Amino acid sequence: MAELVIHDLKKDYPTRSEPLEILKGIELELTSGDNLAVIGPSGSGKSTLLNILGTLDHPTSGTYTLNNIDPFTLEEDELASFRNANIGFIFQEHHLLPQLSVLENILIPTMANGKPSQDDVTRAESLIARVGLTDRSHHRPAELSGGERERVAVARSLICGPSLLLADEPTGNLDRRNAQQIGELLLEIQQAEEMILVVVTHSSELAGMLGQQLEINDGCLVRAGA
Ligand code: ADP
Ligand code: MG
């Protein structure tokens, strides 16, 4: 059972004068099967929050536990393996490696400890089938459409079986139809795997597909539209 608990989380960025206070006291609790849309204007701190949830950035103060572990107490190499084992990421700029095939891109996260195992390859193939790209598994990213590349990023985020899946503007570069399909795919997989899903999005359509909508307003997470 996955559990994410955040209490009074703050993030400042230093400047030459006063620090820039971006997050001013975030409260959040999510468990397996929960899915959440985080909305808010550009610059409100959505990516900052998502990066902290993903342990890619540290909060200035406050507490964060994922599956009863405070990731920020871990040493750097422990943190890297904790992140790899527990958290999947999908970014708008999907960061696929151009010289690698679809299959190889999806296997990258399994290579932290060396060569992918046969089990990893089998899991990658089944994820490729699940995102509808079986006949594309040996193609390179440049040979795919934007929607197809986003599907590869979805499969790659799932290869290590995360309990927390984070997506930052996953449909930002897609047309409406592809955006809707990616939204449906994410939800279908999230529910089947009972993960926690947090999606940052500008799209009210995508936000509306998710179970909860919260907005970053003056550094705090509040019910959207409240
Ligand atoms: P959003 O994703 O909601 O558009 P971000 O979380 O990217 O917003 O950024 C929130 C604010 O923090 C912005 O004003 C941005 O300029 C600032 N910011 C983000 N990262 C840094 C950084 N590393 N150093 C200083 N300021 C930053
Ligand atoms: Mg952002």
# chains A, B, ... in the order shown; residues from 1 in each chain; ligands from 1

$ residues_near_ligand --ligand "ligand 2" --cutoff "9 Å" --atoms "only C-alpha atoms and all ligand atoms" --output "PyMOL selection string"
chain A and resi 42-48+50+168-169+200-201

$ write_last_selection --atoms "N, CA, C and O atoms" --output "PDB file, in the first residue's frame"
ATOM      1  N   SER A  42       1.115  29.597 -14.823  1.00  0.00           N
ATOM      2  CA  SER A  42       2.533  29.424 -15.070  1.00  0.00           C
ATOM      3  C   SER A  42       3.321  30.197 -14.015  1.00  0.00           C
ATOM      4  O   SER A  42       2.978  31.322 -13.677  1.00  0.00           O
ATOM      5  N   GLY A  43       4.342  29.556 -13.455  1.00  0.00           N
ATOM      6  CA  GLY A  43       5.164  30.217 -12.437  1.00  0.00           C
ATOM      7  C   GLY A  43       4.643  30.038 -11.023  1.00  0.00           C
ATOM      8  O   GLY A  43       5.249  30.525 -10.070  1.00  0.00           O
ATOM      9  N   SER A  44       3.522  29.326 -10.853  1.00  0.00           N
ATOM     10  CA  SER A  44       2.948  29.194  -9.504  1.00  0.00           C
ATOM     11  C   SER A  44       3.667  28.144  -8.662  1.00  0.00           C
ATOM     12  O   SER A  44       3.445  28.067  -7.459  1.00  0.00           O
ATOM     13  N   GLY A  45       4.506  27.319  -9.281  1.00  0.00           N
ATOM     14  CA  GLY A  45       5.278  26.356  -8.493  1.00  0.00           C
ATOM     15  C   GLY A  45       4.896  24.902  -8.731  1.00  0.00           C
ATOM     16  O   GLY A  45       5.302  24.013  -7.971  1.00  0.00           O
ATOM     17  N   LYS A  46       4.169  24.628  -9.809  1.00  0.00           N
ATOM     18  CA  LYS A  46       3.724  23.257 -10.075  1.00  0.00           C
ATOM     19  C   LYS A  46       4.913  22.325 -10.308  1.00  0.00           C
ATOM     20  O   LYS A  46       4.988  21.237  -9.727  1.00  0.00           O
ATOM     21  N   SER A  47       5.821  22.747 -11.184  1.00  0.00           N
ATOM     22  CA  SER A  47       6.983  21.882 -11.458  1.00  0.00           C
ATOM     23  C   SER A  47       7.873  21.776 -10.232  1.00  0.00           C
ATOM     24  O   SER A  47       8.440  20.713  -9.956  1.00  0.00           O
ATOM     25  N   THR A  48       7.991  22.870  -9.480  1.00  0.00           N
ATOM     26  CA  THR A  48       8.782  22.833  -8.242  1.00  0.00           C
ATOM     27  C   THR A  48       8.227  21.760  -7.307  1.00  0.00           C
ATOM     28  O   THR A  48       8.977  20.938  -6.766  1.00  0.00           O
ATOM     29  N   LEU A  50       6.303  19.178  -8.114  1.00  0.00           N
ATOM     30  CA  LEU A  50       6.445  17.840  -8.697  1.00  0.00           C
ATOM     31  C   LEU A  50       7.882  17.330  -8.567  1.00  0.00           C
ATOM     32  O   LEU A  50       8.107  16.153  -8.286  1.00  0.00           O
ATOM     33  N   ASP A 168       4.430  15.765 -15.617  1.00  0.00           N
ATOM     34  CA  ASP A 168       4.442  17.225 -15.720  1.00  0.00           C
ATOM     35  C   ASP A 168       4.016  17.614 -17.129  1.00  0.00           C
ATOM     36  O   ASP A 168       4.766  17.407 -18.084  1.00  0.00           O
ATOM     37  N   GLU A 169       2.820  18.167 -17.250  1.00  0.00           N
ATOM     38  CA  GLU A 169       2.265  18.583 -18.549  1.00  0.00           C
ATOM     39  C   GLU A 169       2.411  17.474 -19.597  1.00  0.00           C
ATOM     40  O   GLU A 169       2.961  17.721 -20.679  1.00  0.00           O
ATOM     41  N   VAL A 200       0.512  17.272 -13.310  1.00  0.00           N
ATOM     42  CA  VAL A 200       0.489  18.727 -13.436  1.00  0.00           C
ATOM     43  C   VAL A 200       0.011  19.044 -14.841  1.00  0.00           C
ATOM     44  O   VAL A 200       0.528  18.483 -15.808  1.00  0.00           O
ATOM     45  N   THR A 201      -0.993  19.895 -14.955  1.00  0.00           N
ATOM     46  CA  THR A 201      -1.504  20.180 -16.298  1.00  0.00           C
ATOM     47  C   THR A 201      -2.153  21.548 -16.408  1.00  0.00           C
ATOM     48  O   THR A 201      -2.710  22.072 -15.450  1.00  0.00           O
TER      49      THR A 201
END

$ select_by_dssp --residues "segment 20-162 of chain A" --states "helix (DSSP H, G or I)" --output "short mmCIF file (atom, residue, chain, number, x, y, z; two decimals) with N, CA, C and O atoms, in the first residue's frame"
data_model
loop_
_atom_site.label_atom_id
_atom_site.label_comp_id
_atom_site.auth_asym_id
_atom_site.auth_seq_id
_atom_site.Cartn_x
_atom_site.Cartn_y
_atom_site.Cartn_z
N LYS A 46 4.17 24.63 -9.81
CA LYS A 46 3.72 23.26 -10.07
C LYS A 46 4.91 22.32 -10.31
O LYS A 46 4.99 21.24 -9.73
N SER A 47 5.82 22.75 -11.18
CA SER A 47 6.98 21.88 -11.46
C SER A 47 7.87 21.78 -10.23
O SER A 47 8.44 20.71 -9.96
N THR A 48 7.99 22.87 -9.48
CA THR A 48 8.78 22.83 -8.24
C THR A 48 8.23 21.76 -7.31
O THR A 48 8.98 20.94 -6.77
N LEU A 49 6.90 21.75 -7.14
CA LEU A 49 6.29 20.75 -6.26
C LEU A 49 6.50 19.34 -6.81
O LEU A 49 6.86 18.42 -6.07
N LEU A 50 6.30 19.18 -8.11
CA LEU A 50 6.44 17.84 -8.70
C LEU A 50 7.88 17.33 -8.57
O LEU A 50 8.11 16.15 -8.29
N ASN A 51 8.84 18.23 -8.75
CA ASN A 51 10.24 17.83 -8.61
C ASN A 51 10.56 17.42 -7.17
O ASN A 51 11.35 16.50 -6.95
N ILE A 52 9.95 18.08 -6.21
CA ILE A 52 10.17 17.68 -4.81
C ILE A 52 9.50 16.33 -4.55
O ILE A 52 10.10 15.44 -3.95
N LEU A 53 8.27 16.14 -5.05
CA LEU A 53 7.60 14.84 -4.90
C LEU A 53 8.47 13.74 -5.51
O LEU A 53 8.52 12.62 -5.01
N PRO A 71 12.65 10.60 2.10
CA PRO A 71 13.74 10.42 1.13
C PRO A 71 14.90 11.37 1.37
O PRO A 71 16.04 11.05 1.01
N PHE A 72 14.62 12.51 1.99
CA PHE A 72 15.67 13.52 2.14
C PHE A 72 16.64 13.21 3.28
O PHE A 72 17.58 13.94 3.50
N THR A 73 16.38 12.12 4.00
CA THR A 73 17.36 11.67 5.00
C THR A 73 18.32 10.64 4.39
O THR A 73 19.26 10.22 5.05
N GLU A 76 23.03 9.97 -1.00
CA GLU A 76 22.76 10.18 -2.42
C GLU A 76 22.50 8.89 -3.21
O GLU A 76 21.57 8.81 -4.00
N ASP A 77 23.33 7.86 -2.97
CA ASP A 77 23.15 6.62 -3.75
C ASP A 77 21.91 5.86 -3.28
O ASP A 77 21.19 5.26 -4.09
N GLU A 78 21.61 5.93 -1.97
CA GLU A 78 20.37 5.31 -1.47
C GLU A 78 19.16 6.03 -2.05
O GLU A 78 18.16 5.40 -2.41
N LEU A 79 19.27 7.35 -2.14
CA LEU A 79 18.16 8.14 -2.69
C LEU A 79 17.93 7.77 -4.15
O LEU A 79 16.79 7.59 -4.58
N ALA A 80 19.02 7.59 -4.90
CA ALA A 80 18.87 7.23 -6.31
C ALA A 80 18.18 5.88 -6.45
O ALA A 80 17.29 5.72 -7.29
N SER A 81 18.52 4.91 -5.60
CA SER A 81 17.83 3.62 -5.76
C SER A 81 16.40 3.68 -5.22
O SER A 81 15.51 3.03 -5.78
N PHE A 82 16.17 4.47 -4.18
CA PHE A 82 14.79 4.67 -3.68
C PHE A 82 13.92 5.26 -4.80
O PHE A 82 12.82 4.79 -5.08
N ARG A 83 14.45 6.28 -5.45
CA ARG A 83 13.71 6.96 -6.53
C ARG A 83 13.43 5.99 -7.67
O ARG A 83 12.31 5.89 -8.17
N ASN A 84 14.45 5.26 -8.04
CA ASN A 84 14.31 4.31 -9.15
C ASN A 84 13.26 3.25 -8.85
O ASN A 84 12.48 2.85 -9.71
N ALA A 85 13.22 2.79 -7.60
CA ALA A 85 12.31 1.69 -7.23
C ALA A 85 10.88 2.18 -7.01
O ALA A 85 9.94 1.40 -7.17
N ASN A 86 10.71 3.45 -6.64
CA ASN A 86 9.39 3.90 -6.18
C ASN A 86 8.68 4.92 -7.06
O ASN A 86 7.48 5.09 -6.94
N VAL A 102 12.69 2.27 -29.37
CA VAL A 102 11.62 2.33 -28.38
C VAL A 102 11.91 1.36 -27.24
O VAL A 102 11.90 1.73 -26.05
N LEU A 103 12.20 0.12 -27.58
CA LEU A 103 12.46 -0.90 -26.55
C LEU A 103 13.64 -0.51 -25.66
O LEU A 103 13.57 -0.57 -24.43
N GLU A 104 14.73 -0.05 -26.29
CA GLU A 104 15.92 0.33 -25.52
C GLU A 104 15.65 1.53 -24.62
O GLU A 104 16.09 1.57 -23.46
N ASN A 105 14.91 2.51 -25.13
CA ASN A 105 14.56 3.67 -24.30
C ASN A 105 13.79 3.24 -23.06
O ASN A 105 14.03 3.74 -21.96
N ILE A 106 12.86 2.32 -23.25
CA ILE A 106 12.02 1.89 -22.12
C ILE A 106 12.85 1.12 -21.09
O ILE A 106 12.58 1.17 -19.89
N LEU A 107 13.90 0.46 -21.57
CA LEU A 107 14.74 -0.33 -20.66
C LEU A 107 15.77 0.49 -19.88
O LEU A 107 16.35 -0.01 -18.91
N ILE A 108 15.98 1.74 -20.28
CA ILE A 108 17.03 2.54 -19.62
C ILE A 108 16.96 2.53 -18.09
O ILE A 108 17.97 2.29 -17.44
N PRO A 109 15.77 2.76 -17.50
CA PRO A 109 15.75 2.80 -16.03
C PRO A 109 16.17 1.49 -15.37
O PRO A 109 16.55 1.49 -14.20
N THR A 110 16.12 0.38 -16.09
CA THR A 110 16.52 -0.91 -15.49
C THR A 110 18.04 -1.08 -15.53
O THR A 110 18.56 -2.04 -14.99
N MET A 111 18.73 -0.16 -16.19
CA MET A 111 20.15 -0.37 -16.41
C MET A 111 21.03 0.27 -15.33
O MET A 111 22.25 0.24 -15.43
N ALA A 112 20.37 0.83 -14.28
CA ALA A 112 21.12 1.41 -13.17
C ALA A 112 22.04 0.35 -12.56
O ALA A 112 23.14 0.65 -12.11
N ASN A 113 21.60 -0.90 -12.56
CA ASN A 113 22.41 -1.98 -11.97
C ASN A 113 23.03 -2.89 -13.01
O ASN A 113 23.27 -4.06 -12.76
N GLN A 118 16.29 -10.71 -18.62
CA GLN A 118 15.26 -11.19 -19.54
C GLN A 118 13.88 -10.78 -19.04
O GLN A 118 13.00 -10.42 -19.82
N ASP A 119 13.69 -10.78 -17.70
CA ASP A 119 12.42 -10.34 -17.12
C ASP A 119 12.13 -8.88 -17.46
O ASP A 119 10.99 -8.51 -17.74
N ASP A 120 13.18 -8.04 -17.42
CA ASP A 120 13.01 -6.63 -17.76
C ASP A 120 12.55 -6.51 -19.22
O ASP A 120 11.65 -5.72 -19.53
N VAL A 121 13.18 -7.29 -20.10
CA VAL A 121 12.82 -7.22 -21.52
C VAL A 121 11.37 -7.67 -21.71
O VAL A 121 10.59 -7.03 -22.44
N THR A 122 10.98 -8.73 -21.02
CA THR A 122 9.61 -9.22 -21.13
C THR A 122 8.62 -8.16 -20.64
O THR A 122 7.59 -7.90 -21.27
N ARG A 123 8.97 -7.53 -19.51
CA ARG A 123 8.08 -6.49 -18.97
C ARG A 123 8.01 -5.30 -19.94
O ARG A 123 6.93 -4.74 -20.18
N ALA A 124 9.16 -4.93 -20.52
CA ALA A 124 9.17 -3.82 -21.48
C ALA A 124 8.28 -4.15 -22.67
O ALA A 124 7.50 -3.31 -23.13
N GLU A 125 8.37 -5.39 -23.14
CA GLU A 125 7.55 -5.77 -24.30
C GLU A 125 6.07 -5.72 -23.95
O GLU A 125 5.24 -5.31 -24.76
N SER A 126 5.74 -6.13 -22.74
CA SER A 126 4.32 -6.10 -22.39
C SER A 126 3.84 -4.66 -22.21
O SER A 126 2.70 -4.34 -22.57
N LEU A 127 4.71 -3.78 -21.71
CA LEU A 127 4.32 -2.37 -21.62
C LEU A 127 4.17 -1.74 -23.01
O LEU A 127 3.27 -0.94 -23.24
N ILE A 128 5.06 -2.14 -23.93
CA ILE A 128 4.95 -1.62 -25.30
C ILE A 128 3.60 -2.04 -25.90
O ILE A 128 2.92 -1.25 -26.56
N ALA A 129 3.20 -3.28 -25.62
CA ALA A 129 1.90 -3.74 -26.12
C ALA A 129 0.79 -2.93 -25.47
O ALA A 129 -0.17 -2.51 -26.12
N ARG A 130 0.94 -2.68 -24.17
CA ARG A 130 -0.10 -1.97 -23.44
C ARG A 130 -0.30 -0.54 -23.94
O ARG A 130 -1.41 -0.02 -23.92
N THR A 134 3.46 -2.11 -30.29
CA THR A 134 4.19 -3.34 -30.56
C THR A 134 4.92 -3.32 -31.90
O THR A 134 6.08 -3.70 -31.98
N ASP A 135 4.25 -2.81 -32.92
CA ASP A 135 4.91 -2.83 -34.24
C ASP A 135 5.92 -1.70 -34.40
O ASP A 135 6.50 -1.52 -35.47
N ARG A 136 6.17 -0.94 -33.32
CA ARG A 136 7.11 0.17 -33.38
C ARG A 136 8.32 -0.04 -32.47
O ARG A 136 9.13 0.88 -32.32
N PRO A 141 12.95 7.27 -31.81
CA PRO A 141 11.98 8.33 -31.49
C PRO A 141 11.65 9.25 -32.67
O PRO A 141 10.49 9.63 -32.86
N ALA A 142 12.67 9.60 -33.50
CA ALA A 142 12.41 10.51 -34.61
C ALA A 142 11.42 9.94 -35.63
O ALA A 142 10.83 10.68 -36.41
N GLU A 143 11.25 8.61 -35.60
CA GLU A 143 10.34 7.98 -36.56
C GLU A 143 8.91 7.89 -36.02
O GLU A 143 8.03 7.32 -36.68
N GLY A 146 4.31 12.66 -32.15
CA GLY A 146 4.36 13.19 -30.79
C GLY A 146 3.60 12.32 -29.79
O GLY A 146 4.07 12.03 -28.69
N GLY A 147 2.41 11.89 -30.20
CA GLY A 147 1.59 11.05 -29.32
C GLY A 147 2.27 9.71 -29.05
O GLY A 147 2.24 9.20 -27.92
N GLU A 148 2.90 9.16 -30.08
CA GLU A 148 3.61 7.87 -29.91
C GLU A 148 4.81 8.03 -28.99
O GLU A 148 5.07 7.17 -28.14
N ARG A 149 5.53 9.14 -29.14
CA ARG A 149 6.69 9.37 -28.25
C ARG A 149 6.23 9.50 -26.80
O ARG A 149 6.88 9.00 -25.89
N GLU A 150 5.09 10.15 -26.61
CA GLU A 150 4.58 10.30 -25.24
C GLU A 150 4.20 8.92 -24.68
O GLU A 150 4.39 8.65 -23.49
N ARG A 151 3.71 8.04 -25.54
CA ARG A 151 3.40 6.67 -25.09
C ARG A 151 4.66 5.92 -24.66
O ARG A 151 4.64 5.14 -23.71
N VAL A 152 5.75 6.17 -25.39
CA VAL A 152 7.02 5.55 -25.00
C VAL A 152 7.43 6.06 -23.61
O VAL A 152 7.85 5.28 -22.74
N ALA A 153 7.26 7.37 -23.41
CA ALA A 153 7.62 7.95 -22.10
C ALA A 153 6.75 7.35 -20.99
O ALA A 153 7.23 7.11 -19.88
N VAL A 154 5.49 7.09 -21.30
CA VAL A 154 4.61 6.45 -20.30
C VAL A 154 5.13 5.05 -19.98
O VAL A 154 5.29 4.69 -18.81
N ALA A 155 5.45 4.27 -21.00
CA ALA A 155 5.94 2.90 -20.77
C ALA A 155 7.25 2.94 -19.98
O ALA A 155 7.46 2.16 -19.05
N ARG A 156 8.14 3.87 -20.34
CA ARG A 156 9.43 3.95 -19.64
C ARG A 156 9.22 4.29 -18.16
O ARG A 156 9.91 3.76 -17.29
N SER A 157 8.24 5.14 -17.87
CA SER A 157 8.01 5.54 -16.47
C SER A 157 7.54 4.36 -15.62
O SER A 157 7.62 4.40 -14.41
N LEU A 158 7.02 3.32 -16.27
CA LEU A 158 6.40 2.21 -15.55
C LEU A 158 7.29 0.99 -15.43
O LEU A 158 6.94 0.03 -14.74
#

$ closest_residue --among "A:Ser32, A:Ser203, A:Ala224, A:Ser61" --to "Lys11 of chain A" --atoms "only C-alpha atoms"
A:Ser61

$ residues_around --residues "Val5 of chain A" --least-positions-apart "3" --cutoff "8 Å" --atoms "only C-alpha atoms" --output "number ranges by chain"
A: 27-30, 63-66

$ write_last_selection --atoms "C-alpha atoms" --output "PDB file, in the first residue's frame"
ATOM      1  CA  GLU A  27      -0.334  19.876   2.855  1.00  0.00           C
ATOM      2  CA  LEU A  28      -1.081  16.673   0.961  1.00  0.00           C
ATOM      3  CA  GLU A  29      -1.961  13.056   1.726  1.00  0.00           C
ATOM      4  CA  LEU A  30      -2.444  10.424  -0.974  1.00  0.00           C
ATOM      5  CA  THR A  63       8.190  16.982   5.869  1.00  0.00           C
ATOM      6  CA  TYR A  64       7.679  14.503   3.053  1.00  0.00           C
ATOM      7  CA  THR A  65       7.357  10.768   3.455  1.00  0.00           C
ATOM      8  CA  LEU A  66       6.732   8.257   0.706  1.00  0.00           C
TER       9      LEU A  66
END

$ atom_distance --atom1 "atom 11 (C, counted along the ligand's line) of ligand 1" --atom2 "atom CA of Pro19 of chain A"
11.5 Å

$ closest_residue --among "A:Glu205, A:Glu18, A:Glu193, A:Glu3" --to "ligand 1" --atoms "only C-alpha atoms and all ligand atoms"
A:Glu18

$ residues_around --residues "Tyr13 of chain A" --least-positions-apart "3" --cutoff "12 Å" --atoms "only C-alpha atoms" --output "ChimeraX atom specification"
/A:10,16-24,45,48,57-60

$ residues_around --residues "Ile26 of chain A" --least-positions-apart "3" --cutoff "8 Å" --atoms "only C-alpha atoms" --output "list in words"
Ile6, His7, Asp8, Leu9, Lys10, Leu23, Gly219, Cys220 and Leu221 of chain A

$ atom_distance --atom1 "atom CA of Val198 of chain A" --atom2 "atom CA of Leu165 of chain A"
6.4 Å

$ closest_atom_pairs --of "segment 22-77 of chain A" --to "segment 187-191 of chain A" --cutoff "9 Å" --atoms "only C-alpha atoms" --output "tab-separated table"
residue	atom	partner	partner_atom	distance
A:Ser32	CA	A:Gln191	CA	8.9
A:Gly33	CA	A:Gln191	CA	5.9
A:Asp34	CA	A:Gln191	CA	8.4
A:Asn35	CA	A:Gln190	CA	8.0

$ atom_distance --atom1 "atom CA of Phe89 of chain A" --atom2 "atom 3 (O, counted along the ligand's line) of ligand 1"
16.7 Å

$ decode --residues "segment 132-142 of chain A" --atoms "all heavy atoms" --output "PDB file, in the first residue's frame"
ATOM      1  N   GLY A 132       0.262   0.257 -26.980  1.00  0.00           N
ATOM      2  CA  GLY A 132      -0.143   0.166 -28.380  1.00  0.00           C
ATOM      3  C   GLY A 132       0.963   0.406 -29.385  1.00  0.00           C
ATOM      4  O   GLY A 132       0.713   0.926 -30.471  1.00  0.00           O
ATOM      5  N   LEU A 133       2.206   0.027 -29.042  1.00  0.00           N
ATOM      6  CA  LEU A 133       3.322   0.311 -29.957  1.00  0.00           C
ATOM      7  C   LEU A 133       4.100  -0.942 -30.363  1.00  0.00           C
ATOM      8  O   LEU A 133       5.265  -0.831 -30.770  1.00  0.00           O
ATOM      9  CB  LEU A 133       4.286   1.309 -29.300  1.00  0.00           C
ATOM     10  CG  LEU A 133       3.772   2.731 -29.121  1.00  0.00           C
ATOM     11  CD1 LEU A 133       4.797   3.572 -28.352  1.00  0.00           C
ATOM     12  CD2 LEU A 133       3.474   3.389 -30.465  1.00  0.00           C
ATOM     13  N   THR A 134       3.460  -2.106 -30.291  1.00  0.00           N
ATOM     14  CA  THR A 134       4.193  -3.344 -30.562  1.00  0.00           C
ATOM     15  C   THR A 134       4.921  -3.321 -31.897  1.00  0.00           C
ATOM     16  O   THR A 134       6.084  -3.702 -31.982  1.00  0.00           O
ATOM     17  CB  THR A 134       3.240  -4.553 -30.500  1.00  0.00           C
ATOM     18  OG1 THR A 134       2.718  -4.585 -29.173  1.00  0.00           O
ATOM     19  CG2 THR A 134       3.960  -5.850 -30.776  1.00  0.00           C
ATOM     20  N   ASP A 135       4.254  -2.807 -32.923  1.00  0.00           N
ATOM     21  CA  ASP A 135       4.905  -2.833 -34.243  1.00  0.00           C
ATOM     22  C   ASP A 135       5.920  -1.697 -34.404  1.00  0.00           C
ATOM     23  O   ASP A 135       6.502  -1.519 -35.468  1.00  0.00           O
ATOM     24  CB  ASP A 135       3.860  -2.819 -35.370  1.00  0.00           C
ATOM     25  CG  ASP A 135       2.863  -1.700 -35.200  1.00  0.00           C
ATOM     26  OD1 ASP A 135       2.921  -1.001 -34.150  1.00  0.00           O
ATOM     27  OD2 ASP A 135       2.025  -1.506 -36.095  1.00  0.00           O
ATOM     28  N   ARG A 136       6.167  -0.936 -33.320  1.00  0.00           N
ATOM     29  CA  ARG A 136       7.115   0.175 -33.381  1.00  0.00           C
ATOM     30  C   ARG A 136       8.316  -0.036 -32.471  1.00  0.00           C
ATOM     31  O   ARG A 136       9.127   0.878 -32.322  1.00  0.00           O
ATOM     32  CB  ARG A 136       6.422   1.466 -32.924  1.00  0.00           C
ATOM     33  CG  ARG A 136       5.231   1.836 -33.757  1.00  0.00           C
ATOM     34  CD  ARG A 136       5.616   2.045 -35.207  1.00  0.00           C
ATOM     35  NE  ARG A 136       4.863   3.107 -35.798  1.00  0.00           N
ATOM     36  CZ  ARG A 136       5.395   4.051 -36.546  1.00  0.00           C
ATOM     37  NH1 ARG A 136       6.679   4.060 -36.804  1.00  0.00           N
ATOM     38  NH2 ARG A 136       4.648   4.985 -37.043  1.00  0.00           N
ATOM     39  N   SER A 137       8.442  -1.205 -31.857  1.00  0.00           N
ATOM     40  CA  SER A 137       9.414  -1.329 -30.764  1.00  0.00           C
ATOM     41  C   SER A 137      10.862  -1.187 -31.220  1.00  0.00           C
ATOM     42  O   SER A 137      11.725  -0.867 -30.422  1.00  0.00           O
ATOM     43  CB  SER A 137       9.206  -2.602 -29.960  1.00  0.00           C
ATOM     44  OG  SER A 137       9.416  -3.705 -30.771  1.00  0.00           O
ATOM     45  N   HIS A 138      11.143  -1.377 -32.514  1.00  0.00           N
ATOM     46  CA  HIS A 138      12.522  -1.211 -32.980  1.00  0.00           C
ATOM     47  C   HIS A 138      12.742   0.110 -33.723  1.00  0.00           C
ATOM     48  O   HIS A 138      13.801   0.346 -34.273  1.00  0.00           O
ATOM     49  CB  HIS A 138      12.960  -2.419 -33.813  1.00  0.00           C
ATOM     50  CG  HIS A 138      12.936  -3.667 -32.970  1.00  0.00           C
ATOM     51  ND1 HIS A 138      13.857  -3.878 -31.963  1.00  0.00           N
ATOM     52  CD2 HIS A 138      12.055  -4.687 -32.906  1.00  0.00           C
ATOM     53  CE1 HIS A 138      13.564  -5.016 -31.342  1.00  0.00           C
ATOM     54  NE2 HIS A 138      12.469  -5.527 -31.896  1.00  0.00           N
ATOM     55  N   HIS A 139      11.720   0.980 -33.668  1.00  0.00           N
ATOM     56  CA  HIS A 139      11.874   2.299 -34.289  1.00  0.00           C
ATOM     57  C   HIS A 139      12.566   3.258 -33.335  1.00  0.00           C
ATOM     58  O   HIS A 139      12.539   3.085 -32.128  1.00  0.00           O
ATOM     59  CB  HIS A 139      10.501   2.863 -34.673  1.00  0.00           C
ATOM     60  CG  HIS A 139       9.882   2.176 -35.849  1.00  0.00           C
ATOM     61  ND1 HIS A 139       9.385   2.847 -36.926  1.00  0.00           N
ATOM     62  CD2 HIS A 139       9.701   0.865 -36.103  1.00  0.00           C
ATOM     63  CE1 HIS A 139       8.917   1.976 -37.814  1.00  0.00           C
ATOM     64  NE2 HIS A 139       9.095   0.763 -37.333  1.00  0.00           N
ATOM     65  N   ARG A 140      13.161   4.313 -33.901  1.00  0.00           N
ATOM     66  CA  ARG A 140      13.777   5.365 -33.089  1.00  0.00           C
ATOM     67  C   ARG A 140      12.748   6.469 -32.861  1.00  0.00           C
ATOM     68  O   ARG A 140      11.825   6.622 -33.665  1.00  0.00           O
ATOM     69  CB  ARG A 140      14.967   5.957 -33.846  1.00  0.00           C
ATOM     70  CG  ARG A 140      15.949   4.899 -34.262  1.00  0.00           C
ATOM     71  CD  ARG A 140      17.294   5.113 -33.633  1.00  0.00           C
ATOM     72  NE  ARG A 140      18.053   3.865 -33.733  1.00  0.00           N
ATOM     73  CZ  ARG A 140      19.179   3.725 -34.409  1.00  0.00           C
ATOM     74  NH1 ARG A 140      19.697   4.762 -35.014  1.00  0.00           N
ATOM     75  NH2 ARG A 140      19.788   2.567 -34.450  1.00  0.00           N
ATOM     76  N   PRO A 141      12.955   7.273 -31.805  1.00  0.00           N
ATOM     77  CA  PRO A 141      11.980   8.333 -31.485  1.00  0.00           C
ATOM     78  C   PRO A 141      11.653   9.253 -32.674  1.00  0.00           C
ATOM     79  O   PRO A 141      10.495   9.626 -32.863  1.00  0.00           O
ATOM     80  CB  PRO A 141      12.664   9.106 -30.353  1.00  0.00           C
ATOM     81  CG  PRO A 141      13.515   8.071 -29.672  1.00  0.00           C
ATOM     82  CD  PRO A 141      13.993   7.158 -30.765  1.00  0.00           C
ATOM     83  N   ALA A 142      12.668   9.596 -33.501  1.00  0.00           N
ATOM     84  CA  ALA A 142      12.409  10.514 -34.614  1.00  0.00           C
ATOM     85  C   ALA A 142      11.424   9.940 -35.627  1.00  0.00           C
ATOM     86  O   ALA A 142      10.827  10.676 -36.415  1.00  0.00           O
ATOM     87  CB  ALA A 142      13.723  10.873 -35.312  1.00  0.00           C
TER      88      ALA A 142
END
